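Next up, query_0.cif (mmCIF, C-alpha atoms):
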data_my_file
#
loop_
_atom_site.label_atom_id
_atom_site.label_comp_id
_atom_site.auth_asym_id
_atom_site.auth_seq_id
_atom_site.Cartn_x
_atom_site.Cartn_y
_atom_site.Cartn_z
CA MET A 1 4.34 0.90 -2.02
CA LYS A 2 5.52 2.08 1.38
CA LYS A 3 6.84 -0.39 3.92
CA LEU A 4 6.47 0.02 7.66
CA ILE A 5 9.78 -0.41 9.48
CA SER A 6 10.89 -0.19 13.10
CA LEU A 7 14.31 1.08 13.99
CA THR A 8 16.09 2.92 16.77
CA ILE A 9 17.32 6.44 16.11
CA ASN A 10 19.51 8.10 18.74
CA ASN A 11 18.33 5.61 21.38
CA ARG A 12 14.64 6.24 20.61
CA PRO A 13 12.63 3.43 19.03
CA CYS A 14 10.51 4.60 16.14
CA GLU A 15 8.27 3.26 13.43
CA VAL A 16 8.18 4.87 10.00
CA ALA A 17 6.69 4.16 6.58
CA VAL A 18 9.28 4.33 3.82
CA GLU A 19 9.41 3.98 0.05
CA PRO A 20 11.87 1.28 -1.03
CA ARG A 21 13.78 3.82 -3.11
CA GLN A 22 14.18 6.25 -0.22
CA THR A 23 17.69 6.41 1.23
CA LEU A 24 18.36 6.47 4.95
CA LEU A 25 19.75 9.97 4.39
CA ASP A 26 16.48 11.25 2.93
CA LEU A 27 14.47 9.54 5.67
CA LEU A 28 16.52 11.30 8.34
CA ARG A 29 16.50 14.73 6.71
CA ASN A 30 13.15 14.95 4.95
CA ASP A 31 10.81 12.81 7.06
CA LEU A 32 12.35 13.09 10.51
CA GLY A 33 13.81 16.59 10.35
CA LEU A 34 17.27 15.41 11.47
CA THR A 35 19.09 17.83 9.22
CA GLY A 36 22.37 17.62 11.14
CA THR A 37 23.22 14.80 8.74
CA LYS A 38 24.34 16.65 5.62
CA LYS A 39 23.59 15.82 2.01
CA CYS A 40 26.34 16.74 -0.40
CA CYS A 41 27.64 14.41 -3.14
CA ASP A 42 24.91 11.77 -2.57
CA MET A 43 27.29 9.25 -4.22
CA GLY A 44 29.24 7.87 -1.27
CA GLU A 45 32.31 9.95 -1.88
CA CYS A 46 32.36 12.85 0.56
CA GLY A 47 31.24 11.46 3.94
CA SER A 48 29.08 14.46 4.87
CA CYS A 49 26.11 12.09 5.40
CA THR A 50 28.00 9.83 7.84
CA VAL A 51 25.83 8.15 10.48
CA LEU A 52 26.58 5.25 12.80
CA LEU A 53 24.70 2.09 11.85
CA ASP A 54 24.94 -0.37 14.75
CA GLY A 55 28.03 1.58 15.83
CA ASN A 56 29.81 1.55 12.47
CA PRO A 57 30.12 4.71 10.38
CA VAL A 58 28.54 4.48 6.94
CA ASN A 59 27.42 6.83 4.15
CA ALA A 60 23.67 7.23 4.77
CA CYS A 61 23.25 8.09 1.07
CA LEU A 62 24.22 4.49 0.17
CA VAL A 63 21.85 2.76 2.57
CA LEU A 64 18.20 2.28 1.71
CA ALA A 65 15.92 3.33 4.53
CA VAL A 66 14.30 -0.12 4.50
CA GLN A 67 17.72 -1.66 5.13
CA ALA A 68 17.87 0.16 8.47
CA ARG A 69 14.99 -1.96 9.78
CA GLY A 70 15.76 -3.30 13.26
CA ARG A 71 19.03 -1.42 13.47
CA HIS A 72 20.36 1.42 15.61
CA VAL A 73 21.15 4.67 13.84
CA VAL A 74 23.11 7.42 15.59
CA THR A 75 23.21 10.88 14.01
CA ILE A 76 24.98 14.03 15.15
CA GLU A 77 21.80 14.97 17.06
CA GLY A 78 22.37 11.87 19.19
CA MET A 79 25.80 13.00 20.36
CA GLU A 80 24.64 15.68 22.80
CA THR A 81 24.25 14.53 26.39
CA GLU A 82 22.15 15.91 29.25
CA GLU A 83 25.19 17.91 30.33
CA GLY A 84 25.42 19.55 26.90
CA LEU A 85 27.88 18.88 24.11
CA ASP A 86 29.82 15.63 24.07
CA PRO A 87 33.54 16.11 24.95
CA LEU A 88 34.44 15.29 21.34
CA GLN A 89 32.13 18.06 20.11
CA LYS A 90 33.62 20.46 22.67
CA ALA A 91 37.11 19.59 21.42
CA PHE A 92 36.07 20.52 17.86
CA VAL A 93 34.80 23.88 19.13
CA GLU A 94 37.86 24.57 21.28
CA HIS A 95 40.35 23.69 18.55
CA GLY A 96 38.60 25.63 15.81
CA ALA A 97 38.13 22.38 13.91
CA VAL A 98 35.05 23.86 12.27
CA GLN A 99 35.11 26.29 9.40
CA CYS A 100 32.07 26.07 7.11
CA GLY A 101 30.82 23.19 9.23
CA PHE A 102 29.41 21.04 6.47
CA CYS A 103 31.76 18.09 7.04
CA THR A 104 31.70 18.42 10.84
CA PRO A 105 28.85 16.04 11.74
CA GLY A 106 30.44 13.29 9.65
CA MET A 107 33.90 13.98 11.04
CA ILE A 108 32.60 13.79 14.59
CA LEU A 109 30.72 10.54 14.04
CA SER A 110 33.68 8.87 12.31
CA ALA A 111 35.92 10.06 15.15
CA ARG A 112 33.48 8.80 17.76
CA SER A 113 33.46 5.36 16.19
CA LEU A 114 37.28 5.37 16.21
CA LEU A 115 37.48 6.39 19.87
CA GLU A 116 34.97 3.70 20.85
CA ARG A 117 37.21 1.05 19.27
CA ASN A 118 40.55 2.67 20.02
CA PRO A 119 40.36 5.24 22.85
CA HIS A 120 43.94 6.48 22.40
CA PRO A 121 44.76 6.41 18.68
CA GLU A 122 47.98 7.52 17.03
CA GLU A 123 47.82 10.45 14.61
CA ASN A 124 47.96 8.18 11.54
CA GLU A 125 45.10 6.09 12.95
CA ILE A 126 43.01 9.25 13.30
CA ARG A 127 43.81 10.30 9.73
CA MET A 128 42.95 6.80 8.48
CA ALA A 129 39.64 6.76 10.39
CA LEU A 130 38.66 10.14 8.91
CA SER A 131 39.82 9.28 5.39
CA GLY A 132 36.26 8.88 4.10
CA ASN A 133 35.26 12.35 5.31
CA LEU A 134 36.34 15.19 3.04
CA CYS A 135 36.87 18.72 4.34
CA ARG A 136 37.40 21.44 1.75
CA CYS A 137 38.17 24.23 4.22
CA THR A 138 40.62 23.36 6.94
CA GLY A 139 43.35 21.10 5.61
CA TYR A 140 42.42 18.62 8.38
CA GLN A 141 45.13 19.68 10.86
CA LYS A 142 42.78 21.19 13.43
CA ILE A 143 40.33 18.34 13.04
CA VAL A 144 43.05 15.82 13.81
CA GLU A 145 44.18 17.94 16.77
CA ALA A 146 40.63 18.06 18.13
CA VAL A 147 40.31 14.28 17.99
CA GLN A 148 43.72 13.92 19.66
CA ALA A 149 42.67 16.31 22.43
CA ALA A 150 39.39 14.45 22.95
CA SER A 151 41.24 11.15 23.18
CA GLU A 152 43.72 12.55 25.71
CA SER A 153 40.97 13.95 27.94
CA ARG A 154 39.05 10.71 27.72
CA PRO A 155 39.28 8.70 30.93
CA LEU A 156 40.67 5.21 30.53
CA ARG A 157 37.72 2.86 30.48
CA LYS A 158 36.75 1.27 33.72
CA GLU A 159 36.12 -2.43 33.96
CA GLY A 160 32.47 -3.19 33.22
CA ASP A 161 31.74 0.11 31.44
CA MET B 1 19.58 12.30 -6.58
CA LEU B 2 16.46 10.24 -6.55
CA LEU B 3 16.75 6.53 -7.13
CA PRO B 4 14.61 5.16 -9.94
CA LYS B 5 11.60 3.17 -8.72
CA PHE B 6 11.97 -0.56 -8.13
CA GLU B 7 10.22 -3.47 -6.49
CA PHE B 8 11.98 -4.51 -3.30
CA HIS B 9 12.39 -8.12 -2.20
CA GLU B 10 13.96 -9.32 1.03
CA PRO B 11 14.30 -13.10 0.88
CA ARG B 12 15.67 -14.99 3.87
CA SER B 13 17.39 -17.79 1.97
CA VAL B 14 19.61 -18.16 -1.07
CA GLU B 15 17.03 -20.50 -2.61
CA ASP B 16 14.26 -17.87 -2.33
CA ALA B 17 16.58 -15.17 -3.68
CA CYS B 18 17.47 -17.29 -6.73
CA GLN B 19 13.81 -18.11 -7.28
CA ILE B 20 12.90 -14.41 -7.37
CA LEU B 21 15.82 -13.65 -9.72
CA ALA B 22 14.76 -16.48 -12.02
CA GLU B 23 11.13 -15.34 -12.07
CA ILE B 24 11.83 -11.68 -12.81
CA GLY B 25 14.82 -12.27 -15.08
CA PRO B 26 17.75 -9.97 -15.89
CA GLU B 27 15.81 -6.88 -14.81
CA ALA B 28 16.21 -7.97 -11.19
CA LYS B 29 19.50 -7.30 -9.45
CA PRO B 30 20.79 -8.64 -6.15
CA LEU B 31 21.59 -5.86 -3.65
CA ALA B 32 24.42 -6.40 -1.14
CA GLY B 33 26.47 -3.41 0.10
CA GLY B 34 24.98 -1.10 -2.52
CA THR B 35 28.15 0.98 -2.86
CA ASP B 36 28.27 0.36 -6.63
CA LEU B 37 24.72 -0.62 -7.47
CA LEU B 38 22.95 2.31 -5.79
CA VAL B 39 25.47 4.80 -7.19
CA ASN B 40 24.94 3.44 -10.72
CA MET B 41 21.18 3.66 -10.19
CA LYS B 42 21.43 7.26 -8.97
CA LYS B 43 23.48 8.10 -12.06
CA LYS B 44 20.69 6.42 -14.09
CA LEU B 45 23.21 4.07 -15.69
CA ILE B 46 20.91 1.21 -14.75
CA SER B 47 17.29 1.04 -13.62
CA PRO B 48 16.53 -2.49 -12.46
CA LYS B 49 12.86 -3.37 -12.19
CA ALA B 50 13.52 -5.13 -8.90
CA LEU B 51 16.18 -5.28 -6.21
CA VAL B 52 16.65 -8.48 -4.28
CA SER B 53 18.27 -7.56 -0.98
CA LEU B 54 20.61 -10.21 0.41
CA ALA B 55 20.82 -8.55 3.83
CA ARG B 56 18.54 -11.04 5.55
CA VAL B 57 20.25 -14.14 4.19
CA GLU B 58 22.40 -14.96 7.21
CA THR B 59 24.32 -17.81 5.53
CA LEU B 60 25.97 -15.27 3.22
CA LYS B 61 27.71 -13.62 6.18
CA THR B 62 29.78 -16.60 7.37
CA LEU B 63 33.53 -16.24 7.70
CA GLU B 64 34.77 -19.55 9.05
CA PRO B 65 37.82 -21.71 8.65
CA SER B 66 37.05 -25.41 8.55
CA GLY B 67 38.99 -28.45 7.39
CA GLY B 68 41.94 -26.48 6.03
CA LYS B 69 39.72 -24.08 4.08
CA LEU B 70 38.32 -20.63 4.66
CA MET B 71 34.73 -20.28 3.54
CA MET B 72 33.79 -16.62 3.09
CA GLY B 73 30.17 -15.68 2.48
CA SER B 74 29.73 -13.16 -0.30
CA CYS B 75 28.08 -10.62 2.03
CA VAL B 76 31.09 -10.36 4.36
CA THR B 77 32.06 -6.67 4.32
CA ALA B 78 35.50 -5.36 3.36
CA ALA B 79 35.83 -4.06 6.94
CA ARG B 80 35.33 -7.57 8.34
CA LEU B 81 37.92 -8.97 5.93
CA ALA B 82 40.40 -6.30 7.02
CA GLU B 83 39.80 -6.89 10.73
CA SER B 84 39.06 -10.62 11.04
CA LYS B 85 41.74 -12.52 13.00
CA THR B 86 41.53 -15.49 10.63
CA VAL B 87 42.03 -13.32 7.55
CA THR B 88 44.78 -11.10 8.97
CA GLU B 89 46.71 -14.14 10.27
CA SER B 90 46.27 -16.67 7.46
CA PHE B 91 45.56 -14.43 4.45
CA PRO B 92 47.33 -11.13 5.17
CA ALA B 93 47.39 -10.04 1.52
CA LEU B 94 43.59 -10.31 1.41
CA ALA B 95 43.25 -8.34 4.65
CA LYS B 96 45.53 -5.66 3.17
CA ALA B 97 43.46 -5.55 -0.03
CA GLY B 98 40.30 -5.20 2.08
CA GLN B 99 41.92 -2.35 4.00
CA SER B 100 42.83 -0.63 0.70
CA LEU B 101 39.28 -0.58 -0.62
CA GLY B 102 37.45 2.77 -0.63
CA SER B 103 37.22 4.47 2.77
CA PRO B 104 36.24 3.27 6.26
CA LEU B 105 32.65 4.32 5.49
CA ILE B 106 32.61 2.34 2.24
CA ARG B 107 34.33 -0.68 3.83
CA ASN B 108 31.54 -0.94 6.40
CA LEU B 109 29.06 -1.46 3.54
CA ALA B 110 30.92 -2.89 0.54
CA THR B 111 30.99 -6.66 0.33
CA LEU B 112 33.40 -9.31 -0.85
CA GLY B 113 30.89 -10.63 -3.37
CA GLY B 114 30.06 -7.18 -4.70
CA ASN B 115 33.72 -6.33 -5.28
CA VAL B 116 34.09 -9.58 -7.24
CA ILE B 117 30.90 -9.61 -9.34
CA SER B 118 31.24 -5.96 -10.37
CA ALA B 119 34.37 -7.20 -12.21
CA ARG B 120 36.13 -3.85 -12.36
CA PRO B 121 39.68 -4.37 -13.67
CA ALA B 122 41.10 -2.17 -10.88
CA ALA B 123 39.16 -3.78 -8.00
CA ASP B 124 41.16 -4.47 -4.83
CA LEU B 125 40.02 -7.91 -3.74
CA PRO B 126 40.21 -10.07 -6.92
CA PRO B 127 44.03 -10.04 -7.30
CA ALA B 128 44.52 -11.09 -3.66
CA LEU B 129 41.81 -13.76 -3.90
CA MET B 130 43.31 -15.13 -7.13
CA ALA B 131 46.82 -15.14 -5.68
CA TYR B 132 45.53 -17.43 -2.92
CA GLY B 133 43.96 -19.68 -5.57
CA GLY B 134 40.41 -18.65 -4.68
CA ARG B 135 37.32 -20.46 -5.96
CA VAL B 136 33.79 -19.13 -6.26
CA ILE B 137 30.51 -20.87 -5.49
CA LEU B 138 27.59 -19.78 -7.67
CA LYS B 139 24.08 -20.87 -6.77
CA GLY B 140 21.13 -20.55 -9.09
CA ALA B 141 17.53 -21.65 -9.26
CA TYR B 142 18.74 -24.70 -11.19
CA GLY B 143 21.73 -25.77 -9.13
CA GLU B 144 25.22 -24.92 -8.03
CA ARG B 145 28.55 -24.37 -9.83
CA ARG B 146 32.06 -24.09 -8.43
CA LEU B 147 34.90 -22.64 -10.45
CA PRO B 148 38.30 -21.01 -9.99
CA LEU B 149 38.00 -17.24 -9.67
CA ARG B 150 40.33 -16.78 -12.66
CA ASP B 151 37.64 -18.41 -14.87
CA PHE B 152 34.91 -16.13 -13.48
CA PHE B 153 35.94 -12.86 -15.14
CA GLN B 154 35.34 -12.24 -18.85
CA GLY B 155 35.99 -8.52 -19.26
CA PRO B 156 35.28 -5.16 -17.59
CA GLY B 157 31.95 -5.67 -15.80
CA GLN B 158 31.55 -9.05 -17.52
CA THR B 159 31.48 -12.39 -15.71
CA VAL B 160 30.08 -15.89 -16.22
CA LEU B 161 27.42 -15.22 -13.54
CA ARG B 162 23.90 -15.82 -14.93
CA ALA B 163 21.00 -13.54 -14.11
CA ASP B 164 19.37 -16.17 -11.88
CA GLU B 165 22.58 -16.88 -10.00
CA ILE B 166 24.11 -15.47 -6.85
CA LEU B 167 27.77 -15.64 -5.94
CA THR B 168 27.32 -17.16 -2.49
CA ALA B 169 30.87 -17.74 -1.28
CA LEU B 170 34.58 -17.61 -1.96
CA VAL B 171 36.73 -20.48 -0.81
CA LEU B 172 40.45 -20.29 -0.07
CA ASP B 173 42.74 -23.16 0.94
CA GLU B 174 44.71 -22.51 4.11
CA PRO B 175 48.26 -21.77 2.87
CA ALA B 176 50.85 -24.41 3.83
CA PRO B 177 53.63 -23.46 6.25
CA GLY B 178 56.51 -21.80 4.42
CA SER B 179 54.26 -19.72 2.19
CA GLY B 180 53.44 -16.03 2.21
CA ALA B 181 51.67 -13.40 0.17
CA GLY B 182 51.82 -9.67 -0.48
CA TYR B 183 49.54 -6.98 -1.89
CA MET B 184 50.62 -3.65 -3.35
CA LYS B 185 48.31 -0.90 -4.55
CA LEU B 186 49.42 2.27 -6.25
CA GLY B 187 47.15 5.28 -6.28
CA VAL B 188 47.69 9.02 -6.16
CA ARG B 189 46.12 9.25 -2.70
CA GLN B 190 45.77 6.98 0.32
CA ALA B 191 42.00 6.55 0.51
CA LEU B 192 38.92 6.56 -1.71
CA GLU B 193 41.21 5.65 -4.55
CA ILE B 194 40.95 3.44 -7.59
CA SER B 195 44.19 1.59 -8.29
CA LEU B 196 46.54 2.77 -11.02
CA VAL B 197 48.15 -0.64 -10.70
CA ASN B 198 47.62 -3.32 -8.06
CA VAL B 199 49.57 -6.53 -7.60
CA ALA B 200 49.14 -9.59 -5.41
CA ALA B 201 51.82 -12.24 -5.10
CA PHE B 202 51.87 -15.64 -3.41
CA LEU B 203 55.02 -17.67 -2.80
CA ALA B 204 55.47 -21.16 -1.36
CA MET B 205 59.06 -21.94 -0.44
CA ASP B 206 60.80 -25.29 -0.31
CA GLY B 207 62.12 -25.32 3.25
CA ARG B 208 63.58 -22.41 5.19
CA ASP B 209 66.46 -21.66 2.82
CA GLY B 210 65.12 -23.38 -0.25
CA ALA B 211 63.91 -22.38 -3.66
CA VAL B 212 60.52 -21.16 -4.86
CA LYS B 213 58.15 -24.15 -5.00
CA LYS B 214 55.05 -22.33 -6.15
CA ALA B 215 54.33 -18.76 -7.26
CA ARG B 216 51.15 -16.96 -8.21
CA ILE B 217 51.26 -13.33 -9.30
CA VAL B 218 48.09 -11.46 -10.20
CA LEU B 219 48.04 -7.99 -11.74
CA GLY B 220 45.10 -5.59 -11.64
CA SER B 221 44.26 -2.46 -13.69
CA VAL B 222 46.52 -3.47 -16.61
CA ALA B 223 44.18 -5.70 -18.65
CA PRO B 224 40.41 -6.10 -19.13
CA THR B 225 40.37 -8.49 -16.14
CA PRO B 226 42.84 -9.21 -13.34
CA VAL B 227 45.53 -11.37 -15.00
CA ARG B 228 47.99 -14.02 -13.86
CA ALA B 229 51.58 -13.09 -14.69
CA TYR B 230 52.58 -16.57 -15.84
CA SER B 231 55.82 -15.29 -17.40
CA ALA B 232 56.90 -13.86 -14.06
CA GLU B 233 55.91 -17.05 -12.25
CA GLU B 234 58.09 -19.11 -14.64
CA VAL B 235 61.10 -16.94 -13.86
CA LEU B 236 60.67 -17.69 -10.15
CA MET B 237 60.01 -21.44 -10.21
CA GLY B 238 62.83 -23.53 -8.73
CA GLU B 239 65.03 -20.48 -8.10
CA ARG B 240 66.39 -19.21 -4.79
CA PRO B 241 64.73 -15.89 -3.91
CA THR B 242 66.92 -12.81 -4.29
CA GLU B 243 66.25 -9.16 -5.07
CA ALA B 244 67.76 -9.72 -8.52
CA LEU B 245 65.40 -12.61 -9.17
CA PHE B 246 62.39 -10.56 -8.05
CA SER B 247 63.46 -7.73 -10.38
CA ARG B 248 63.69 -10.16 -13.29
CA ALA B 249 60.22 -11.50 -12.43
CA GLY B 250 58.90 -7.92 -12.36
CA GLU B 251 60.29 -7.29 -15.84
CA ALA B 252 58.89 -10.62 -17.10
CA ALA B 253 55.41 -9.66 -15.86
CA LEU B 254 55.28 -7.00 -18.60
CA LYS B 255 54.75 -9.79 -21.15
CA ASP B 256 51.42 -10.69 -19.57
CA ILE B 257 49.73 -7.30 -19.53
CA ALA B 258 47.94 -4.96 -21.94
CA PRO B 259 47.58 -1.62 -20.13
CA ILE B 260 45.80 1.31 -21.75
CA ASP B 261 46.32 5.07 -21.54
CA ASP B 262 43.54 6.62 -19.47
CA PHE B 263 42.94 9.61 -17.22
CA ARG B 264 44.55 7.79 -14.29
CA ALA B 265 47.92 7.16 -15.95
CA SER B 266 49.64 6.39 -19.23
CA ALA B 267 50.17 2.79 -20.32
CA ASP B 268 53.94 3.36 -20.14
CA TYR B 269 53.74 4.49 -16.53
CA LYS B 270 51.58 1.50 -15.63
CA ARG B 271 54.14 -0.84 -17.25
CA ALA B 272 56.94 0.71 -15.26
CA MET B 273 54.93 0.41 -12.07
CA VAL B 274 54.02 -3.24 -12.70
CA ALA B 275 57.73 -4.08 -12.66
CA VAL B 276 58.29 -2.18 -9.40
CA LEU B 277 55.17 -3.34 -7.58
CA THR B 278 55.63 -6.98 -8.60
CA ARG B 279 59.09 -6.86 -7.04
CA ARG B 280 57.73 -5.29 -3.86
CA ALA B 281 54.80 -7.70 -3.61
CA LEU B 282 57.23 -10.63 -3.96
CA ARG B 283 59.43 -9.15 -1.25
CA GLU B 284 56.41 -8.91 1.05
CA ALA B 285 55.38 -12.48 0.18
CA LEU B 286 58.86 -13.76 1.02
CA GLU B 287 58.81 -11.95 4.38
CA GLY B 288 55.52 -13.72 5.12
CA ALA B 289 56.95 -17.08 4.09
CA ARG B 290 60.06 -16.62 6.27
CA PRO B 291 58.90 -14.70 9.32
#
structure tokens encoding of this file:
Amino acid sequence: MKKLISLTINNRPCEVAVEPRQTLLDLLRNDLGLTGTKKCCDMGECGSCTVLLDGNPVNACLVLAVQARGRHVVTIEGMETEEGLDPLQKAFVEHGAVQCGFCTPGMILSARSLLERNPHPEENEIRMALSGNLCRCTGYQKIVEAVQAASESRPLRKEGD
Amino acid sequence: MLLPKFEFHEPRSVEDACQILAEIGPEAKPLAGGTDLLVNMKKKLISPKALVSLARVETLKTLEPSGGKLMMGSCVTAARLAESKTVTESFPALAKAGQSLGSPLIRNLATLGGNVISARPAADLPPALMAYGGRVILKGAYGERRLPLRDFFQGPGQTVLRADEILTALVLDEPAPGSGAGYMKLGVRQALEISLVNVAAFLAMDGRDGAVKKARIVLGSVAPTPVRAYSAEEVLMGERPTEALFSRAGEAALKDIAPIDDFRASADYKRAMVAVLTRRALREALEGARP
């Protein structure tokens, strides 16, 4: 039997009917058309389905859609601003941190969560924060460089921001 | 992979959750972080008739020191353990074990209780919890039990938890001044790794330059459950801590283990690593005891 749940996705409140056995990943991709969140191993190992749940990165394949009730989900589609790509996304483009692109949404969301908590991380902190996101193309170097560049261009937070 | 069908319950209290588990029986499973349970369901290893989500039971999320004890609700995530000020300051070996579990994505979901009740011999949290002398609180439809964590495990995936019971909390005593603990995990990579060998050690020292007053060493991945290395602890008791003593303790720990050859490593390699990692965990514990 489907359950009606309310949640916020990319700052927009929405109400959806979900099967208990439906994962958050399948809700996003199949019902809501948010296919920027990728489905790969579906076992919590690769990180391609990373979304932010109340600000924390998680594997959307390991969260039941009903468990997202009342919570705020941010997907890669929620990163873009009115001025276009987010600076972190631009850094990925400029540093060639994208090859096949399948891990990219997850990488960017994990990196965003890191930069929210720690705006100027060391290289090892970046590698640690991305350690749940597997890339089989690039060897990670350019991805780490893109996150470093984004953190360097990021203004120091103002009081009250 | 589609999950098998199940009834879904979302009780708001431990009592209601236990009631539902008791009514449905062993075919109902409590759902916490889901990082093991949902994967096993996707692989069709298990198909519970009902899942009882613990997400809305707020009392299971407490992480509070009080009266010389730390009470940790079973639904505290590994990420919270790794980041909490109380845990990092008073129980650094547990924070380190929490930080070693899975990946950042997994740590934001996986819970303390889940890592304990799944009873995997290589799990990260049980050795650290046992080294601190942890106790579990089990609540069921018919009452409550409290027991030392070392009496909770029976074998791989096997515990004394009954189908109508929920592990609600783990309790640790605040370590006395002059004590410290360490945690060492060996894997072939830094993240998303299951331990080849993991070791937690706790030392209480008799005064600043004194001898070892109390020692607890717990070894993971080298027996059907995490095991206390009593032989190593005996070597340490009443002795002044030196590298040579820690090496002897590491060698003595080999008497308390029964590692097996598997795809992760040979039993011989695990034995060799137990000696090394026990020494290193003791070194880290001593540094904590004498900052």
Name every residue that the PyMOL selection byres ((chain B) within 9 of (chain A)) selects in this structure, writing the answer as a PyMOL selection string with chains first and numbers rising.
chain B and resi 1-8+33-36+38-39+42-43+53+55+102-109+190-192
Quick one: which residues end up in the PyMOL selection byres ((chain B and resi 63) around 12) for this structure, as a ChimeraX atom specification?
/B:58-62,64-66,69-78,80-81,83-87,112,168-172
Going by the chain IDs and residue numbers used in this file, which residues fall under the PyMOL selection byres ((chain A and resi 31) around 12)? Write them as number ranges by chain.
A: 15-19, 22-30, 32-35, 65
If you keep C-alpha atoms, can you produce a file of those selected residues as a compact mmCIF listing (two decimals), in the frame of the given file?
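New file result33.txt:
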# COMPACT_ATOMS: atom_id res chain seq x y z
CA GLU A 15 8.27 3.26 13.43
CA VAL A 16 8.18 4.87 10.00
CA ALA A 17 6.69 4.16 6.58
CA VAL A 18 9.28 4.33 3.82
CA GLU A 19 9.41 3.98 0.05
CA GLN A 22 14.18 6.25 -0.22
CA THR A 23 17.69 6.41 1.23
CA LEU A 24 18.36 6.47 4.95
CA LEU A 25 19.75 9.97 4.39
CA ASP A 26 16.48 11.25 2.93
CA LEU A 27 14.47 9.54 5.67
CA LEU A 28 16.52 11.30 8.34
CA ARG A 29 16.50 14.73 6.71
CA ASN A 30 13.15 14.95 4.95
CA LEU A 32 12.35 13.09 10.51
CA GLY A 33 13.81 16.59 10.35
CA LEU A 34 17.27 15.41 11.47
CA THR A 35 19.09 17.83 9.22
CA ALA A 65 15.92 3.33 4.53
Padding of 8 Å on every side, edges along x, y and z, all listed atoms of range 221-232 of chain B included: what centre and edge lengths in Å, to one decimal, does that box have, as lines of an AutoDock Vina configuration file?
center_x = 48.6
center_y = -9.5
center_z = -16.2
size_x = 32.5
size_y = 30.1
size_z = 21.8
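Minimum atom-to-atom distance to Glu125 in chain A, evaluated using all atoms listed in the file, belongs to A:Gln148 out of A:Gln89, A:Gln141, A:Gln148, A:Thr104.
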Separating CA of Leu245 in chain B from CA of Leu196 in chain B, to the nearest tenth of an Å, is a gap of 24.4 Å
Nearest residue to Cys137 in chain A out of A:Val98, A:Glu123, A:Pro105, A:Ser6, using only C-alpha atoms?
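Of the candidates, the smallest distance to Cys137 in chain A is held by A:Val98.
CA of Arg216 in chain B sits 14.4 Å away from CA of Arg135 in chain B.
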Neighbouring residues of range 20-32 of chain B were defined as those with any atom within 9 Å, considering all atoms listed in the file; residues of the same chain fewer than 2 positions away were excluded. Please report them as a PyMOL selection string.
chain B and resi 7+9+11+15-18+34-35+37-38+47-55+74-75+109-111+113-114+140-141+162-166
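Minimum atom-to-atom distance to Asn11 in chain A, evaluated using only C-alpha atoms, belongs to A:Val73 out of A:Val73, A:Cys40, A:Val93, A:Gln99.
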Length of the CA of Tyr140 in chain A to CA of Ala97 in chain B vector [Å]
25.6 Å
Give me, as a list in words, all polymer residues having an atom no more than 10 Å from range 79-84 of chain A, counting all atoms listed in the file and skipping those fewer than 6 positions away in the same chain.
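Close residues of range 79-84 of chain A: Asn10, Lys90, Pro105, Ile108, Leu109 and Arg112 of chain A.
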